[in-house]
Every structure is written in C-alpha cells, then in structure tokens.
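Asks: Sending over a structure as structure tokens; questions will come in a sec.
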Amino acid sequence: MTSSPNANTAPDTSSSPGATPASAIARPVEARHIVKRFGDLEVLRDVSLQVDEGSVTSIIGASGSGKSTLLRCLNLLERPVQGELTIADEAILFDRNRQGDIIGLDRRQLQRLRARVSMVFQQFNLWPHFTVLGNITEAPMRVQKLSRKHAIRRADHYLERVGMADKRDSYPAFLSGGQQQRVAIARALAMEPRVLLFDEPTSALDPERVSEVLSVIRSLADEGRTMVMVTHEMAFAREVSDQVVFLDQGVVGVAGTPQEVFDNSPNERCRRFVSPAA
C-alpha cells in the first residue's frame, strides 16, 4: 500500500517527475477545521483530515480524545458546530447562523451521503427482530430502492464475502459477538459505499473473536477499499494503515504514515501512547 499524506498538509509533488499532482488525487473524505461541542464541552477543536481514495486511515488516541466524535461527524450522525466537509466529492451544504455556526443541513443531501458512506459500530447495532438477511437487505431496499430480489442477491454475495453465508436465516441473538460484527460489516458493504467507517469494531468482542473481525477488515484493505477506522488495536493499525492520525484532547497531535507516527513521532504524548506497540 502507498503512504497517504499528512492529515493537514498535502505533499508538494510538483517537482517530482511523473508524480501525480496533489490536485489530481481523489479524496472522498475532506474535513476542514471541524469543531464540535456538547454544551460547554469542546470535544473537537479545529480538526482537519484528508483521506485518499483506496487508502486506510486509522484514528488513534486516548479515551475521550474525540476519535468517535470525529468519525460520527464524517457521516453526520453528529453535526459539527463549525467547519467544512466534502464527502464523496460533494461539499456538504450546512445552514449557518449569523455567527457562522452550523445549525442545520439539507436532508436530501444527507440521504445521498447515507448511500455513499457506511458505518460499522462497536456494538453491532443489528435489528434483533430481523434475520441476518433482513438486516442486510433493509437499507438497500429503503435507501437505494433496490428490488427485494436484487437486495437478496447482493446480501448473499457479501455474506459469503465475510464468511457468514450459512447464518443468513439466523437472528442476531443466536450469533456470537464476532459473527454479529461480521454481519454488520456485510450490512455496510451491501450499500456498496464509497467510504467505510469503523468505530472501534473489536472493542465489544471477546479476545478470541477479535482476530476473525480483523481478518475481514484486513482483506477489505487488501482490496483497496477506502476506510477510516477508530481503533485501539495498535499493531493492526500499524499493519494495515496508509495514514495514522493521533488525536489528543480534540486536536490532531500528529498525522502521517505508520512509521512516522509509531517510530518517529515528534509529539511526546503520541510517543508515550504508542510505545507498547513500538
């Protein structure tokens, strides 16, 4: 895999013979100067992030640093207070008050975003009253207006992809945590999104189930899918990522290649945080 640029500054390739100009790089996720508050608590403070097409970006940091909040802002499960977002080549049109704070957004655009960005949650979030197949077919039929026949064909394809084809008629309660998370990944893939978001996908799993989920995510990275992942799995982040972003108290402490973040970080707090994985 190729290395992605720093989260805040794209590299200057103009002097490199044969290099792709920075302006020509497809970036399905661009977040600029994102601020998020919950009441008086400022969780994100001027965070910028760029994600290249076909790359894997891992967001790491201590609990409470704003990792999951940033991820949820990328698909607008949380609405930023300030900043700009461009997702899948479409600038998000926010309604703003006179002070420039974001107070709303276009609902039709939000629906388009939901079809282009899929998220896998740490607690699976499967519907307990639907079978595995029902969990996967519901969104493509409702959001993308697929026929039931087409949605089922797509669901079977992705269940096979994550090794869960034999559980298509089971209910979530009868699956292990690792199996539920693989179904959740199949559900995300069934929307055939431009970007996949993972919010600590292994944190709710027993240790013996972690590897089966990481194996699926690793294979998706090998396919060249664009992914942004919040994780505490440092060794895994180092292995699969093109870009690693260390968040510290709501700001980007450092961002770069795994080697730059894990081995040569200029940020002391980052060095202390990743030292067990070094």
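Numbering starts fresh at 1 for the residues of each chain in the structure tokens, the chains themselves are lettered A, B, ... in the order given, and ligands are numbered from 1 as they appear.
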Which neighbours of segment 75-89 of chain A fall inside 6 Å, counting only C-alpha atoms, when residues of the same chain fewer than 6 positions from it are skipped, and could you give them as an mmCIF file with N, CA, C and O atoms, in the first residue's frame?

Replies:
```
data_model
loop_
_atom_site.group_PDB
_atom_site.id
_atom_site.type_symbol
_atom_site.label_atom_id
_atom_site.label_comp_id
_atom_site.auth_asym_id
_atom_site.auth_seq_id
_atom_site.Cartn_x
_atom_site.Cartn_y
_atom_site.Cartn_z
ATOM 1 N N PRO A 28 -12.084 11.128 -1.155
ATOM 2 C CA PRO A 28 -13.509 11.024 -0.853
ATOM 3 C C PRO A 28 -13.898 11.566 0.513
ATOM 4 O O PRO A 28 -15.082 11.718 0.788
ATOM 5 N N VAL A 29 -12.907 11.857 1.359
ATOM 6 C CA VAL A 29 -13.191 12.493 2.654
ATOM 7 C C VAL A 29 -12.243 13.676 2.819
ATOM 8 O O VAL A 29 -11.024 13.517 2.780
ATOM 9 N N GLU A 30 -12.822 14.862 2.984
ATOM 10 C CA GLU A 30 -12.057 16.049 3.345
ATOM 11 C C GLU A 30 -12.814 16.807 4.426
ATOM 12 O O GLU A 30 -13.931 17.269 4.196
ATOM 13 N N ALA A 31 -12.209 16.889 5.577
ATOM 14 C CA ALA A 31 -12.780 17.639 6.701
ATOM 15 C C ALA A 31 -11.843 18.799 7.007
ATOM 16 O O ALA A 31 -10.631 18.602 7.130
ATOM 17 N N ARG A 32 -12.402 19.996 7.122
ATOM 18 C CA ARG A 32 -11.583 21.181 7.323
ATOM 19 C C ARG A 32 -12.079 21.970 8.528
ATOM 20 O O ARG A 32 -13.237 22.388 8.578
ATOM 21 N N HIS A 33 -11.194 22.119 9.510
ATOM 22 C CA HIS A 33 -11.433 22.981 10.665
ATOM 23 C C HIS A 33 -12.722 22.603 11.408
ATOM 24 O O HIS A 33 -13.539 23.460 11.769
ATOM 25 N N ILE A 34 -12.869 21.298 11.666
ATOM 26 C CA ILE A 34 -14.075 20.813 12.324
ATOM 27 C C ILE A 34 -14.027 21.113 13.823
ATOM 28 O O ILE A 34 -13.043 20.820 14.508
ATOM 29 N N VAL A 35 -15.104 21.702 14.296
ATOM 30 C CA VAL A 35 -15.288 21.975 15.726
ATOM 31 C C VAL A 35 -16.595 21.311 16.154
ATOM 32 O O VAL A 35 -17.615 21.403 15.457
ATOM 33 N N LYS A 36 -16.562 20.625 17.295
ATOM 34 C CA LYS A 36 -17.768 20.010 17.838
ATOM 35 C C LYS A 36 -17.824 20.240 19.339
ATOM 36 O O LYS A 36 -16.864 19.961 20.063
ATOM 37 N N ASP A 101 -22.003 29.602 12.845
ATOM 38 C CA ASP A 101 -22.154 28.276 13.424
ATOM 39 C C ASP A 101 -23.169 27.460 12.622
ATOM 40 O O ASP A 101 -24.165 27.988 12.111
ATOM 41 N N ILE A 102 -22.928 26.172 12.534
ATOM 42 C CA ILE A 102 -23.801 25.274 11.777
ATOM 43 C C ILE A 102 -25.060 24.987 12.590
ATOM 44 O O ILE A 102 -24.992 24.602 13.759
#
```

Asks: Can you check which residues of segment 58-231 of chain A DSSP gives as alpha helix (DSSP H) on the backbone and send them as a PyMOL selection string?

Replies: chain A and resi 67-74+107-116+132-143+148-161+177-190+207-222

Asks: What is the atom CA of Ser118 of chain A to atom CA of Ala190 of chain A distance in Å?

Replies: 9.1 Å

Asks: Pick out each residue of segment 24-263 of chain A that DSSP on the backbone tags as strand (DSSP E); I need them as a ChimeraX atom specification.

Replies: /A:29-38,41-51,56-60,82-87,90-91,94-96,102-105,117-120,195-199,227-230,243-248,251-256

Asks: Could the residues of segment 53-167 of chain A that have an atom at most 12 Å from segment 202-215 of chain A be listed as CSV, each with its closest atom pair and the distance in Å to one decimal, counting only C-alpha atoms and ordered by chain and ascending residue number?

Replies:
```
residue,atom,partner,partner_atom,distance
A:Val120,CA,A:Thr202,CA,10.4
A:Phe121,CA,A:Thr202,CA,9.3
A:Gln122,CA,A:Ala204,CA,6.1
A:Gln123,CA,A:Ala204,CA,6.3
A:Phe124,CA,A:Ala204,CA,8.7
A:Asn125,CA,A:Ala204,CA,11.7
A:Arg161,CA,A:Ser215,CA,11.6
A:Val162,CA,A:Val213,CA,8.8
A:Gly163,CA,A:Glu212,CA,9.7
A:Met164,CA,A:Glu212,CA,11.5
```

Asks: Limited to N, CA and C atoms, could you put the picked residues into a file as a short mmCIF file (atom, residue, chain, number, x, y, z; two decimals), in the first residue's frame?

Replies:
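File produced: result-v7.cif:
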```
data_model
loop_
_atom_site.label_atom_id
_atom_site.label_comp_id
_atom_site.auth_asym_id
_atom_site.auth_seq_id
_atom_site.Cartn_x
_atom_site.Cartn_y
_atom_site.Cartn_z
N VAL A 120 -19.69 0.94 10.56
CA VAL A 120 -19.74 -0.25 11.39
C VAL A 120 -19.50 0.19 12.82
N PHE A 121 -20.45 -0.11 13.71
CA PHE A 121 -20.41 0.37 15.08
C PHE A 121 -19.78 -0.66 16.01
N GLN A 122 -19.30 -0.19 17.14
CA GLN A 122 -18.66 -1.11 18.08
C GLN A 122 -19.66 -2.07 18.72
N GLN A 123 -20.92 -1.66 18.84
CA GLN A 123 -21.94 -2.51 19.45
C GLN A 123 -22.84 -3.18 18.42
N PHE A 124 -22.38 -3.28 17.18
CA PHE A 124 -23.02 -4.02 16.08
C PHE A 124 -24.27 -3.32 15.56
N ASN A 125 -25.20 -2.96 16.45
CA ASN A 125 -26.43 -2.24 16.07
C ASN A 125 -27.28 -3.00 15.05
N ARG A 161 -18.83 -13.10 1.40
CA ARG A 161 -17.57 -12.36 1.48
C ARG A 161 -17.02 -12.34 2.90
N VAL A 162 -17.89 -12.26 3.91
CA VAL A 162 -17.42 -12.19 5.31
C VAL A 162 -17.54 -13.54 6.02
N GLY A 163 -17.83 -14.61 5.27
CA GLY A 163 -17.88 -15.94 5.87
C GLY A 163 -19.10 -16.21 6.72
N MET A 164 -20.24 -15.59 6.38
CA MET A 164 -21.45 -15.76 7.18
C MET A 164 -22.64 -16.24 6.36
#
```

Asks: Please, which residues in segment 46-145 of chain A fall within 10 Å of segment 259-277 of chain A when counting only C-alpha atoms, and what is the closest atom pair and distance in Å to one decimal for each, ordered by chain then residue number, as CSV?

Replies:
```
residue,atom,partner,partner_atom,distance
A:Ile60,CA,A:Val274,CA,9.1
A:Gly61,CA,A:Phe273,CA,7.3
A:Ala62,CA,A:Phe273,CA,7.6
```

Asks: Which residues are near segment 155-158 of chain A? Cut-off 12 Å, only C-alpha atoms, ignore same chain within fewer than 3 positions. Put them as a VMD selection string.

Replies: chain A and resid 131 to 141 146 148 to 152 161 to 169 182 to 192 216 220

Asks: Set the distance at 12 Å and use only C-alpha atoms: which residues neighbour Gly64 of chain A once local chain neighbours fewer than 3 positions away are removed? I'd like the list as a list in words.

Replies: Leu41, Glu42, Val43, Leu44, Ile60, Gly61, Lys67, Ser68, Thr69, Leu70, Leu247, Asp248, Gln249, Gly250 and Val251 of chain A

Asks: Go ahead and dump the residues you just picked, N, CA, C and O atoms, as a PDB file, in the first residue's frame.

Replies:
```
ATOM      1  N   LEU A  41     -18.706  21.727  26.601  1.00  0.00           N
ATOM      2  CA  LEU A  41     -17.545  20.851  26.392  1.00  0.00           C
ATOM      3  C   LEU A  41     -17.172  20.833  24.917  1.00  0.00           C
ATOM      4  O   LEU A  41     -17.944  20.379  24.069  1.00  0.00           O
ATOM      5  N   GLU A  42     -15.969  21.297  24.599  1.00  0.00           N
ATOM      6  CA  GLU A  42     -15.469  21.297  23.223  1.00  0.00           C
ATOM      7  C   GLU A  42     -14.679  20.011  23.000  1.00  0.00           C
ATOM      8  O   GLU A  42     -13.566  19.851  23.498  1.00  0.00           O
ATOM      9  N   VAL A  43     -15.279  19.096  22.242  1.00  0.00           N
ATOM     10  CA  VAL A  43     -14.685  17.775  22.036  1.00  0.00           C
ATOM     11  C   VAL A  43     -13.702  17.781  20.880  1.00  0.00           C
ATOM     12  O   VAL A  43     -12.661  17.113  20.922  1.00  0.00           O
ATOM     13  N   LEU A  44     -14.022  18.512  19.810  1.00  0.00           N
ATOM     14  CA  LEU A  44     -13.122  18.652  18.659  1.00  0.00           C
ATOM     15  C   LEU A  44     -12.804  20.122  18.481  1.00  0.00           C
ATOM     16  O   LEU A  44     -13.703  20.967  18.479  1.00  0.00           O
ATOM     17  N   ILE A  60      -6.274   7.135  16.170  1.00  0.00           N
ATOM     18  CA  ILE A  60      -5.912   6.584  17.478  1.00  0.00           C
ATOM     19  C   ILE A  60      -5.852   7.710  18.492  1.00  0.00           C
ATOM     20  O   ILE A  60      -5.837   8.892  18.146  1.00  0.00           O
ATOM     21  N   GLY A  61      -5.793   7.322  19.764  1.00  0.00           N
ATOM     22  CA  GLY A  61      -5.712   8.310  20.828  1.00  0.00           C
ATOM     23  C   GLY A  61      -6.373   7.783  22.082  1.00  0.00           C
ATOM     24  O   GLY A  61      -7.080   6.766  22.060  1.00  0.00           O
ATOM     25  N   LYS A  67     -12.076  10.782  19.128  1.00  0.00           N
ATOM     26  CA  LYS A  67     -11.965   9.898  17.963  1.00  0.00           C
ATOM     27  C   LYS A  67     -13.342   9.527  17.394  1.00  0.00           C
ATOM     28  O   LYS A  67     -13.606   9.716  16.209  1.00  0.00           O
ATOM     29  N   SER A  68     -14.189   8.971  18.235  1.00  0.00           N
ATOM     30  CA  SER A  68     -15.505   8.538  17.757  1.00  0.00           C
ATOM     31  C   SER A  68     -16.367   9.719  17.343  1.00  0.00           C
ATOM     32  O   SER A  68     -17.153   9.618  16.385  1.00  0.00           O
ATOM     33  N   THR A  69     -16.218  10.830  18.031  1.00  0.00           N
ATOM     34  CA  THR A  69     -16.974  12.026  17.654  1.00  0.00           C
ATOM     35  C   THR A  69     -16.580  12.493  16.266  1.00  0.00           C
ATOM     36  O   THR A  69     -17.431  12.854  15.445  1.00  0.00           O
ATOM     37  N   LEU A  70     -15.283  12.481  15.960  1.00  0.00           N
ATOM     38  CA  LEU A  70     -14.832  12.858  14.626  1.00  0.00           C
ATOM     39  C   LEU A  70     -15.417  11.914  13.582  1.00  0.00           C
ATOM     40  O   LEU A  70     -15.917  12.361  12.536  1.00  0.00           O
ATOM     41  N   LEU A 247      -5.190  11.684  17.716  1.00  0.00           N
ATOM     42  CA  LEU A 247      -5.962  12.770  18.302  1.00  0.00           C
ATOM     43  C   LEU A 247      -5.605  12.918  19.769  1.00  0.00           C
ATOM     44  O   LEU A 247      -5.496  11.928  20.496  1.00  0.00           O
ATOM     45  N   ASP A 248      -5.465  14.154  20.192  1.00  0.00           N
ATOM     46  CA  ASP A 248      -5.098  14.436  21.577  1.00  0.00           C
ATOM     47  C   ASP A 248      -5.924  15.619  22.066  1.00  0.00           C
ATOM     48  O   ASP A 248      -5.738  16.745  21.598  1.00  0.00           O
ATOM     49  N   GLN A 249      -6.879  15.335  22.961  1.00  0.00           N
ATOM     50  CA  GLN A 249      -7.713  16.377  23.548  1.00  0.00           C
ATOM     51  C   GLN A 249      -8.378  17.240  22.474  1.00  0.00           C
ATOM     52  O   GLN A 249      -8.411  18.468  22.570  1.00  0.00           O
ATOM     53  N   GLY A 250      -8.898  16.565  21.446  1.00  0.00           N
ATOM     54  CA  GLY A 250      -9.689  17.256  20.446  1.00  0.00           C
ATOM     55  C   GLY A 250      -8.929  17.916  19.319  1.00  0.00           C
ATOM     56  O   GLY A 250      -9.529  18.616  18.501  1.00  0.00           O
ATOM     57  N   VAL A 251      -7.623  17.709  19.243  1.00  0.00           N
ATOM     58  CA  VAL A 251      -6.834  18.249  18.139  1.00  0.00           C
ATOM     59  C   VAL A 251      -5.969  17.132  17.553  1.00  0.00           C
ATOM     60  O   VAL A 251      -5.710  16.114  18.206  1.00  0.00           O
TER      61      VAL A 251
END
```

Asks: Show me, as a ChimeraX atom specification, the residues that have an atom within 8 Å of Val245 of chain A when counting only C-alpha atoms, minus same-chain residues fewer than 4 positions from it.

Replies: /A:7,57-60,252-256,261

Asks: Emit the selected residues as a PDB file, in the first residue's frame, including C-alpha atoms.

Replies:
```pdb
ATOM      1  CA  ALA A   7      -3.888  14.821   7.539  1.00  0.00           C
ATOM      2  CA  THR A  57      -6.774   5.844   7.786  1.00  0.00           C
ATOM      3  CA  SER A  58      -6.626   4.816  11.435  1.00  0.00           C
ATOM      4  CA  ILE A  59      -7.560   7.310  14.139  1.00  0.00           C
ATOM      5  CA  ILE A  60      -5.912   6.584  17.478  1.00  0.00           C
ATOM      6  CA  VAL A 252      -4.603  16.386  15.690  1.00  0.00           C
ATOM      7  CA  GLY A 253      -1.405  15.817  17.632  1.00  0.00           C
ATOM      8  CA  VAL A 254       0.369  14.202  14.707  1.00  0.00           C
ATOM      9  CA  ALA A 255      -0.584  12.527  11.430  1.00  0.00           C
ATOM     10  CA  GLY A 256       1.413  10.616   8.871  1.00  0.00           C
ATOM     11  CA  VAL A 261       3.550   8.054  13.893  1.00  0.00           C
TER      12      VAL A 261
END
```
